[in-house]
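Participant: To be precise about what I am sending: the file is called my_file.cif and holds mmCIF, N, CA and C atoms.
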```cif
data_structure
#
loop_
_atom_site.group_PDB
_atom_site.id
_atom_site.type_symbol
_atom_site.label_atom_id
_atom_site.label_comp_id
_atom_site.auth_asym_id
_atom_site.auth_seq_id
_atom_site.Cartn_x
_atom_site.Cartn_y
_atom_site.Cartn_z
ATOM 1 N N MET A 8 -9.679 10.068 -9.628
ATOM 2 C CA MET A 8 -9.861 9.870 -8.208
ATOM 3 C C MET A 8 -11.281 9.410 -7.916
ATOM 4 N N GLY A 9 -12.228 9.979 -8.604
ATOM 5 C CA GLY A 9 -13.616 9.607 -8.384
ATOM 6 C C GLY A 9 -13.865 8.137 -8.656
ATOM 7 N N ARG A 10 -13.294 7.639 -9.726
ATOM 8 C CA ARG A 10 -13.460 6.219 -10.079
ATOM 9 C C ARG A 10 -12.775 5.330 -9.043
ATOM 10 N N ALA A 11 -11.587 5.715 -8.603
ATOM 11 C CA ALA A 11 -10.872 4.936 -7.586
ATOM 12 C C ALA A 11 -11.680 4.896 -6.292
ATOM 13 N N ALA A 12 -12.233 6.022 -5.897
ATOM 14 C CA ALA A 12 -13.040 6.077 -4.678
ATOM 15 C C ALA A 12 -14.264 5.183 -4.821
ATOM 16 N N GLU A 13 -14.871 5.204 -5.997
ATOM 17 C CA GLU A 13 -16.061 4.377 -6.251
ATOM 18 C C GLU A 13 -15.717 2.891 -6.171
ATOM 19 N N VAL A 14 -14.613 2.500 -6.796
ATOM 20 C CA VAL A 14 -14.193 1.097 -6.800
ATOM 21 C C VAL A 14 -13.928 0.604 -5.375
ATOM 22 N N LEU A 15 -13.306 1.455 -4.566
ATOM 23 C CA LEU A 15 -12.951 1.070 -3.192
ATOM 24 C C LEU A 15 -14.098 1.229 -2.205
ATOM 25 N N GLY A 16 -15.119 1.971 -2.597
ATOM 26 C CA GLY A 16 -16.221 2.234 -1.677
ATOM 27 C C GLY A 16 -15.848 3.231 -0.594
ATOM 28 N N VAL A 17 -14.999 4.186 -0.970
ATOM 29 C CA VAL A 17 -14.571 5.225 -0.035
ATOM 30 C C VAL A 17 -14.889 6.591 -0.629
ATOM 31 N N THR A 18 -14.699 7.611 0.173
ATOM 32 C CA THR A 18 -14.894 8.968 -0.333
ATOM 33 C C THR A 18 -13.599 9.482 -0.953
ATOM 34 N N GLN A 19 -13.735 10.499 -1.772
ATOM 35 C CA GLN A 19 -12.543 11.126 -2.329
ATOM 36 C C GLN A 19 -11.706 11.749 -1.221
ATOM 37 N N ALA A 20 -12.365 12.209 -0.163
ATOM 38 C CA ALA A 20 -11.646 12.783 0.984
ATOM 39 C C ALA A 20 -10.736 11.739 1.633
ATOM 40 N N PHE A 21 -11.188 10.479 1.683
ATOM 41 C CA PHE A 21 -10.364 9.406 2.244
ATOM 42 C C PHE A 21 -9.089 9.243 1.416
ATOM 43 N N LEU A 22 -9.225 9.245 0.101
ATOM 44 C CA LEU A 22 -8.044 9.113 -0.759
ATOM 45 C C LEU A 22 -7.130 10.336 -0.626
ATOM 46 N N ARG A 23 -7.714 11.516 -0.491
ATOM 47 C CA ARG A 23 -6.892 12.713 -0.279
ATOM 48 C C ARG A 23 -6.128 12.608 1.039
ATOM 49 N N ALA A 24 -6.779 12.029 2.057
ATOM 50 C CA ALA A 24 -6.126 11.852 3.359
ATOM 51 C C ALA A 24 -4.938 10.904 3.238
ATOM 52 N N LEU A 25 -5.082 9.849 2.446
ATOM 53 C CA LEU A 25 -3.958 8.936 2.233
ATOM 54 C C LEU A 25 -2.826 9.639 1.499
ATOM 55 N N ASP A 26 -3.181 10.503 0.580
ATOM 56 C CA ASP A 26 -2.184 11.304 -0.137
ATOM 57 C C ASP A 26 -1.481 12.246 0.844
ATOM 58 N N ALA A 27 -2.228 12.840 1.756
ATOM 59 C CA ALA A 27 -1.655 13.771 2.739
ATOM 60 C C ALA A 27 -0.704 13.067 3.698
ATOM 61 N N THR A 28 -0.993 11.797 4.020
ATOM 62 C CA THR A 28 -0.102 11.050 4.909
ATOM 63 C C THR A 28 1.136 10.561 4.170
ATOM 64 N N GLU A 29 1.158 10.763 2.856
ATOM 65 C CA GLU A 29 2.239 10.346 1.969
ATOM 66 C C GLU A 29 2.361 8.828 1.874
ATOM 67 N N LEU A 30 1.288 8.117 2.255
ATOM 68 C CA LEU A 30 1.274 6.669 2.063
ATOM 69 C C LEU A 30 1.136 6.368 0.576
ATOM 70 N N LEU A 31 0.307 7.133 -0.103
ATOM 71 C CA LEU A 31 0.122 6.992 -1.542
ATOM 72 C C LEU A 31 0.520 8.290 -2.219
ATOM 73 N N THR A 32 1.240 8.164 -3.301
ATOM 74 C CA THR A 32 1.563 9.328 -4.114
ATOM 75 C C THR A 32 1.176 8.990 -5.543
ATOM 76 N N PRO A 33 -0.080 9.253 -5.881
ATOM 77 C CA PRO A 33 -0.546 8.883 -7.223
ATOM 78 C C PRO A 33 0.103 9.737 -8.303
ATOM 79 N N GLN A 34 0.184 9.153 -9.487
ATOM 80 C CA GLN A 34 0.639 9.911 -10.648
ATOM 81 C C GLN A 34 -0.437 10.933 -10.979
ATOM 82 N N ARG A 35 -0.068 11.937 -11.741
ATOM 83 C CA ARG A 35 -1.030 12.960 -12.169
ATOM 84 C C ARG A 35 -1.158 12.955 -13.686
ATOM 85 N N SER A 36 -2.390 13.095 -14.136
ATOM 86 C CA SER A 36 -2.624 13.208 -15.571
ATOM 87 C C SER A 36 -2.238 14.616 -16.020
ATOM 88 N N ALA A 37 -2.253 14.833 -17.311
ATOM 89 C CA ALA A 37 -1.937 16.162 -17.842
ATOM 90 C C ALA A 37 -2.891 17.207 -17.286
ATOM 91 N N GLY A 38 -4.115 16.801 -16.995
ATOM 92 C CA GLY A 38 -5.110 17.711 -16.440
ATOM 93 C C GLY A 38 -5.041 17.845 -14.923
ATOM 94 N N GLY A 39 -4.079 17.153 -14.297
ATOM 95 C CA GLY A 39 -3.910 17.258 -12.854
ATOM 96 C C GLY A 39 -4.711 16.245 -12.042
ATOM 97 N N HIS A 40 -5.391 15.311 -12.719
ATOM 98 C CA HIS A 40 -6.178 14.306 -12.011
ATOM 99 C C HIS A 40 -5.272 13.217 -11.443
ATOM 100 N N ARG A 41 -5.607 12.741 -10.258
ATOM 101 C CA ARG A 41 -4.831 11.669 -9.636
ATOM 102 C C ARG A 41 -5.081 10.354 -10.367
ATOM 103 N N ARG A 42 -4.015 9.607 -10.592
ATOM 104 C CA ARG A 42 -4.084 8.299 -11.244
ATOM 105 C C ARG A 42 -3.437 7.277 -10.311
ATOM 106 N N TYR A 43 -4.236 6.317 -9.848
ATOM 107 C CA TYR A 43 -3.756 5.317 -8.899
ATOM 108 C C TYR A 43 -3.416 4.012 -9.606
ATOM 109 N N SER A 44 -2.306 3.401 -9.202
ATOM 110 C CA SER A 44 -1.943 2.090 -9.731
ATOM 111 C C SER A 44 -2.763 1.020 -9.006
ATOM 112 N N ARG A 45 -2.748 -0.179 -9.550
ATOM 113 C CA ARG A 45 -3.455 -1.283 -8.875
ATOM 114 C C ARG A 45 -2.858 -1.539 -7.502
ATOM 115 N N TYR A 46 -1.546 -1.451 -7.400
ATOM 116 C CA TYR A 46 -0.874 -1.633 -6.106
ATOM 117 C C TYR A 46 -1.356 -0.591 -5.102
ATOM 118 N N GLN A 47 -1.447 0.654 -5.526
ATOM 119 C CA GLN A 47 -1.923 1.718 -4.640
ATOM 120 C C GLN A 47 -3.368 1.489 -4.226
ATOM 121 N N LEU A 48 -4.173 0.976 -5.133
ATOM 122 C CA LEU A 48 -5.569 0.675 -4.789
ATOM 123 C C LEU A 48 -5.644 -0.455 -3.765
ATOM 124 N N ARG A 49 -4.756 -1.461 -3.882
ATOM 125 C CA ARG A 49 -4.724 -2.534 -2.876
ATOM 126 C C ARG A 49 -4.332 -1.985 -1.515
ATOM 127 N N ILE A 50 -3.367 -1.076 -1.497
ATOM 128 C CA ILE A 50 -2.951 -0.459 -0.233
ATOM 129 C C ILE A 50 -4.112 0.329 0.364
ATOM 130 N N ALA A 51 -4.778 1.118 -0.451
ATOM 131 C CA ALA A 51 -5.905 1.920 0.033
ATOM 132 C C ALA A 51 -7.011 1.019 0.576
ATOM 133 N N ALA A 52 -7.258 -0.102 -0.086
ATOM 134 C CA ALA A 52 -8.283 -1.039 0.381
ATOM 135 C C ALA A 52 -7.893 -1.633 1.729
ATOM 136 N N ARG A 53 -6.609 -1.946 1.901
ATOM 137 C CA ARG A 53 -6.136 -2.494 3.184
ATOM 138 C C ARG A 53 -6.271 -1.455 4.290
ATOM 139 N N VAL A 54 -5.933 -0.206 4.008
ATOM 140 C CA VAL A 54 -6.083 0.866 5.001
ATOM 141 C C VAL A 54 -7.551 1.018 5.368
ATOM 142 N N ARG A 55 -8.404 0.984 4.364
ATOM 143 C CA ARG A 55 -9.843 1.104 4.643
ATOM 144 C C ARG A 55 -10.308 -0.014 5.559
ATOM 145 N N GLN A 56 -9.853 -1.236 5.302
ATOM 146 C CA GLN A 56 -10.222 -2.371 6.148
ATOM 147 C C GLN A 56 -9.777 -2.138 7.592
ATOM 148 N N LEU A 57 -8.565 -1.656 7.765
ATOM 149 C CA LEU A 57 -8.043 -1.399 9.114
ATOM 150 C C LEU A 57 -8.815 -0.276 9.806
ATOM 151 N N VAL A 58 -9.157 0.762 9.056
ATOM 152 C CA VAL A 58 -9.944 1.867 9.619
ATOM 153 C C VAL A 58 -11.336 1.366 9.991
ATOM 154 N N ASP A 59 -11.927 0.563 9.124
ATOM 155 C CA ASP A 59 -13.250 -0.006 9.416
ATOM 156 C C ASP A 59 -13.214 -0.882 10.667
ATOM 157 N N ASP A 60 -12.047 -1.483 10.934
ATOM 158 C CA ASP A 60 -11.885 -2.320 12.125
ATOM 159 C C ASP A 60 -11.640 -1.501 13.392
ATOM 160 N N GLY A 61 -11.599 -0.177 13.239
ATOM 161 C CA GLY A 61 -11.484 0.685 14.410
ATOM 162 C C GLY A 61 -10.141 1.343 14.636
ATOM 163 N N ASN A 62 -9.212 1.158 13.721
ATOM 164 C CA ASN A 62 -7.899 1.790 13.859
ATOM 165 C C ASN A 62 -7.949 3.226 13.345
ATOM 166 N N PRO A 63 -7.228 4.130 13.990
ATOM 167 C CA PRO A 63 -7.149 5.490 13.440
ATOM 168 C C PRO A 63 -6.381 5.469 12.117
ATOM 169 N N LEU A 64 -6.634 6.429 11.270
ATOM 170 C CA LEU A 64 -6.010 6.467 9.945
ATOM 171 C C LEU A 64 -4.487 6.395 10.028
ATOM 172 N N GLU A 65 -3.894 7.175 10.909
ATOM 173 C CA GLU A 65 -2.431 7.187 11.030
ATOM 174 C C GLU A 65 -1.912 5.811 11.444
ATOM 175 N N GLY A 66 -2.610 5.164 12.372
ATOM 176 C CA GLY A 66 -2.217 3.829 12.807
ATOM 177 C C GLY A 66 -2.369 2.814 11.690
ATOM 178 N N ALA A 67 -3.446 2.919 10.935
ATOM 179 C CA ALA A 67 -3.672 2.003 9.816
ATOM 180 C C ALA A 67 -2.584 2.159 8.763
ATOM 181 N N CYS A 68 -2.193 3.387 8.494
ATOM 182 C CA CYS A 68 -1.121 3.631 7.529
ATOM 183 C C CYS A 68 0.188 3.018 8.014
ATOM 184 N N ARG A 69 0.470 3.162 9.290
ATOM 185 C CA ARG A 69 1.704 2.599 9.851
ATOM 186 C C ARG A 69 1.679 1.074 9.774
ATOM 187 N N ILE A 70 0.547 0.476 10.066
ATOM 188 C CA ILE A 70 0.411 -0.983 9.980
ATOM 189 C C ILE A 70 0.703 -1.452 8.557
ATOM 190 N N VAL A 71 0.141 -0.764 7.574
ATOM 191 C CA VAL A 71 0.349 -1.141 6.175
ATOM 192 C C VAL A 71 1.831 -1.021 5.801
ATOM 193 N N ILE A 72 2.475 0.033 6.247
ATOM 194 C CA ILE A 72 3.902 0.210 5.968
ATOM 195 C C ILE A 72 4.698 -0.936 6.588
ATOM 196 N N LEU A 73 4.400 -1.274 7.837
ATOM 197 C CA LEU A 73 5.118 -2.357 8.507
ATOM 198 C C LEU A 73 4.851 -3.707 7.842
ATOM 199 N N GLU A 74 3.615 -3.943 7.421
ATOM 200 C CA GLU A 74 3.301 -5.187 6.712
ATOM 201 C C GLU A 74 4.104 -5.282 5.417
ATOM 202 N N ASP A 75 4.210 -4.169 4.708
ATOM 203 C CA ASP A 75 4.960 -4.134 3.456
ATOM 204 C C ASP A 75 6.443 -4.392 3.721
ATOM 205 N N GLN A 76 6.981 -3.780 4.769
ATOM 206 C CA GLN A 76 8.391 -3.984 5.122
ATOM 207 C C GLN A 76 8.650 -5.443 5.513
ATOM 208 N N LEU A 77 7.725 -6.038 6.251
ATOM 209 C CA LEU A 77 7.870 -7.432 6.655
ATOM 210 C C LEU A 77 7.862 -8.350 5.436
ATOM 211 N N THR A 78 6.965 -8.110 4.512
ATOM 212 C CA THR A 78 6.900 -8.921 3.295
ATOM 213 C C THR A 78 8.204 -8.826 2.521
ATOM 214 N N GLU A 79 8.744 -7.628 2.404
ATOM 215 C CA GLU A 79 10.008 -7.432 1.682
ATOM 216 C C GLU A 79 11.157 -8.128 2.414
ATOM 217 N N ALA A 80 11.206 -8.034 3.737
ATOM 218 C CA ALA A 80 12.259 -8.691 4.516
ATOM 219 C C ALA A 80 12.170 -10.213 4.360
ATOM 220 N N GLN A 81 10.961 -10.749 4.351
ATOM 221 C CA GLN A 81 10.787 -12.191 4.161
ATOM 222 C C GLN A 81 11.233 -12.622 2.769
ATOM 223 N N ARG A 82 10.955 -11.791 1.778
ATOM 224 C CA ARG A 82 11.393 -12.097 0.409
ATOM 225 C C ARG A 82 12.914 -12.134 0.318
ATOM 226 N N ILE A 83 13.553 -11.141 0.917
ATOM 227 C CA ILE A 83 15.018 -11.086 0.909
ATOM 228 C C ILE A 83 15.594 -12.277 1.656
ATOM 229 N N ASN A 84 15.004 -12.616 2.783
ATOM 230 C CA ASN A 84 15.463 -13.752 3.577
ATOM 231 C C ASN A 84 15.394 -15.042 2.755
ATOM 232 N N THR A 85 14.303 -15.228 2.045
ATOM 233 C CA THR A 85 14.145 -16.421 1.210
ATOM 234 C C THR A 85 15.201 -16.457 0.118
ATOM 235 N N GLU A 86 15.449 -15.327 -0.516
ATOM 236 C CA GLU A 86 16.476 -15.258 -1.562
ATOM 237 C C GLU A 86 17.843 -15.615 -1.000
ATOM 238 N N LEU A 87 18.178 -15.067 0.170
ATOM 239 C CA LEU A 87 19.474 -15.345 0.780
ATOM 240 C C LEU A 87 19.615 -16.819 1.164
ATOM 241 N N ARG A 88 18.535 -17.409 1.643
ATOM 242 C CA ARG A 88 18.587 -18.838 1.978
ATOM 243 C C ARG A 88 18.839 -19.673 0.727
ATOM 244 N N HIS A 89 18.185 -19.324 -0.380
ATOM 245 C CA HIS A 89 18.400 -20.053 -1.633
ATOM 246 C C HIS A 89 19.836 -19.878 -2.104
ATOM 247 N N THR A 90 20.368 -18.692 -1.974
ATOM 248 C CA THR A 90 21.751 -18.439 -2.366
ATOM 249 C C THR A 90 22.704 -19.280 -1.529
ATOM 250 N N LEU A 91 22.476 -19.328 -0.228
ATOM 251 C CA LEU A 91 23.325 -20.146 0.665
ATOM 252 C C LEU A 91 23.206 -21.628 0.344
ATOM 253 N N ASP A 92 22.002 -22.070 0.072
ATOM 254 C CA ASP A 92 21.790 -23.480 -0.276
ATOM 255 C C ASP A 92 22.508 -23.832 -1.574
ATOM 256 N N ASP A 93 22.500 -22.908 -2.536
ATOM 257 C CA ASP A 93 23.170 -23.139 -3.814
ATOM 258 C C ASP A 93 24.675 -23.194 -3.651
ATOM 259 N N GLN A 94 25.210 -22.461 -2.674
ATOM 260 C CA GLN A 94 26.651 -22.419 -2.453
ATOM 261 C C GLN A 94 27.160 -23.654 -1.707
ATOM 262 N N ARG A 95 26.275 -24.356 -1.071
ATOM 263 C CA ARG A 95 26.686 -25.534 -0.287
ATOM 264 C C ARG A 95 26.837 -26.724 -1.138
#
```
Go through the file and emit its structure as structure tokens.
Facilitator:
Amino acid sequence: MGRAAEVLGVTQAFLRALDATELLTPQRSAGGHRRYSRYQLRIAARVRQLVDDGNPLEGACRIVILEDQLTEAQRINTELRHTLDDQR
């Protein structure tokens, strides 16, 4: 966790807060240390950017969730369009 906080330029408390909101659920090492994936670090960096821009933590987390859902919906939409085009 300490290394992740250092890389992101945030405090360990910030990462714990993201864990508490259940936005991030890091893996745990055998010793109980939090292990973050690169994807989770990108999410944490995006939340930090939104918080730095003046959004409350809860709002920033919701924005990130909605952005992720939108990206997934756009991906599915593109796949379905390709499938329809192939069937024509």
Participant: When you look at segment 65-80 of chain A with a cut-off of 7 Å (counting all atoms listed in the file), what residues show up, excluding the ones that are within fewer than 3 positions of it in the same chain? I need them as a VMD selection string.
Facilitator: chain A and resid 30 53 to 54 57 to 58 62 83 to 85
Participant: Report the residues of segment 12-91 of chain A whose backbone DSSP state falls under alpha helix (DSSP H), written as an MDAnalysis selection string.
Facilitator: chainID A and resid 12:15 19:27 45:59 64:91
Participant: Could you list, as an mmCIF file with N, CA and C atoms, in the coordinates of the input, every residue matched by the PyMOL selection byres ((chain A and resi 10-19) around 8) in this structure?
Facilitator:
```cif
data_model
loop_
_atom_site.group_PDB
_atom_site.id
_atom_site.type_symbol
_atom_site.label_atom_id
_atom_site.label_comp_id
_atom_site.auth_asym_id
_atom_site.auth_seq_id
_atom_site.Cartn_x
_atom_site.Cartn_y
_atom_site.Cartn_z
ATOM 1 N N MET A 8 -9.679 10.068 -9.628
ATOM 2 C CA MET A 8 -9.861 9.870 -8.208
ATOM 3 C C MET A 8 -11.281 9.410 -7.916
ATOM 4 N N GLY A 9 -12.228 9.979 -8.604
ATOM 5 C CA GLY A 9 -13.616 9.607 -8.384
ATOM 6 C C GLY A 9 -13.865 8.137 -8.656
ATOM 7 N N ALA A 20 -12.365 12.209 -0.163
ATOM 8 C CA ALA A 20 -11.646 12.783 0.984
ATOM 9 C C ALA A 20 -10.736 11.739 1.633
ATOM 10 N N PHE A 21 -11.188 10.479 1.683
ATOM 11 C CA PHE A 21 -10.364 9.406 2.244
ATOM 12 C C PHE A 21 -9.089 9.243 1.416
ATOM 13 N N LEU A 22 -9.225 9.245 0.101
ATOM 14 C CA LEU A 22 -8.044 9.113 -0.759
ATOM 15 C C LEU A 22 -7.130 10.336 -0.626
ATOM 16 N N ARG A 23 -7.714 11.516 -0.491
ATOM 17 C CA ARG A 23 -6.892 12.713 -0.279
ATOM 18 C C ARG A 23 -6.128 12.608 1.039
ATOM 19 N N ALA A 24 -6.779 12.029 2.057
ATOM 20 C CA ALA A 24 -6.126 11.852 3.359
ATOM 21 C C ALA A 24 -4.938 10.904 3.238
ATOM 22 N N LEU A 25 -5.082 9.849 2.446
ATOM 23 C CA LEU A 25 -3.958 8.936 2.233
ATOM 24 C C LEU A 25 -2.826 9.639 1.499
ATOM 25 N N TYR A 43 -4.236 6.317 -9.848
ATOM 26 C CA TYR A 43 -3.756 5.317 -8.899
ATOM 27 C C TYR A 43 -3.416 4.012 -9.606
ATOM 28 N N LEU A 48 -4.173 0.976 -5.133
ATOM 29 C CA LEU A 48 -5.569 0.675 -4.789
ATOM 30 C C LEU A 48 -5.644 -0.455 -3.765
ATOM 31 N N ALA A 51 -4.778 1.118 -0.451
ATOM 32 C CA ALA A 51 -5.905 1.920 0.033
ATOM 33 C C ALA A 51 -7.011 1.019 0.576
ATOM 34 N N ALA A 52 -7.258 -0.102 -0.086
ATOM 35 C CA ALA A 52 -8.283 -1.039 0.381
ATOM 36 C C ALA A 52 -7.893 -1.633 1.729
ATOM 37 N N ARG A 55 -8.404 0.984 4.364
ATOM 38 C CA ARG A 55 -9.843 1.104 4.643
ATOM 39 C C ARG A 55 -10.308 -0.014 5.559
#
```
Participant: Please give the centre and size of the box around segment 39-57 of chain A (axis-aligned, containing every atom listed in the file, 8 Å added per side), with values in Å to one decimal and written as JSON.
Facilitator:
```
{"center_x": -5.6, "center_y": 7.4, "center_z": -2.2, "size_x": 25.4, "size_y": 35.8, "size_z": 40.1}
```
Participant: One number please: atom CA of Pro33 of chain A to atom CA of Arg45 of chain A, in Å, one decimal.
Facilitator: 10.7 Å
Participant: Which of chain A counts as strand (DSSP E) under DSSP, as a list of chain:residue names please?
Facilitator: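 Residues meeting the strand (DSSP E) criterion: A:Gln34, A:Arg35, A:Arg41, A:Arg42.
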Participant: For N, CA and C atoms, I'd like the residues from the last selection saved as a PDB file, keeping the file's coordinate frame.
Facilitator:
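Wrote it out as result21.pdb, contents follow:
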```pdb
ATOM      1  N   GLN A  34       0.184   9.153  -9.487  1.00  0.00           N
ATOM      2  CA  GLN A  34       0.639   9.911 -10.648  1.00  0.00           C
ATOM      3  C   GLN A  34      -0.437  10.933 -10.979  1.00  0.00           C
ATOM      4  N   ARG A  35      -0.068  11.937 -11.741  1.00  0.00           N
ATOM      5  CA  ARG A  35      -1.030  12.960 -12.169  1.00  0.00           C
ATOM      6  C   ARG A  35      -1.158  12.955 -13.686  1.00  0.00           C
ATOM      7  N   ARG A  41      -5.607  12.741 -10.258  1.00  0.00           N
ATOM      8  CA  ARG A  41      -4.831  11.669  -9.636  1.00  0.00           C
ATOM      9  C   ARG A  41      -5.081  10.354 -10.367  1.00  0.00           C
ATOM     10  N   ARG A  42      -4.015   9.607 -10.592  1.00  0.00           N
ATOM     11  CA  ARG A  42      -4.084   8.299 -11.244  1.00  0.00           C
ATOM     12  C   ARG A  42      -3.437   7.277 -10.311  1.00  0.00           C
TER      13      ARG A  42
END
```
Participant: I'd like the interatomic distance between atom CA of Gln81 of chain A and atom CA of Pro63 of chain A, to a tenth of an Å.
Facilitator: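 Distance between the two atoms: 26.8 Å.
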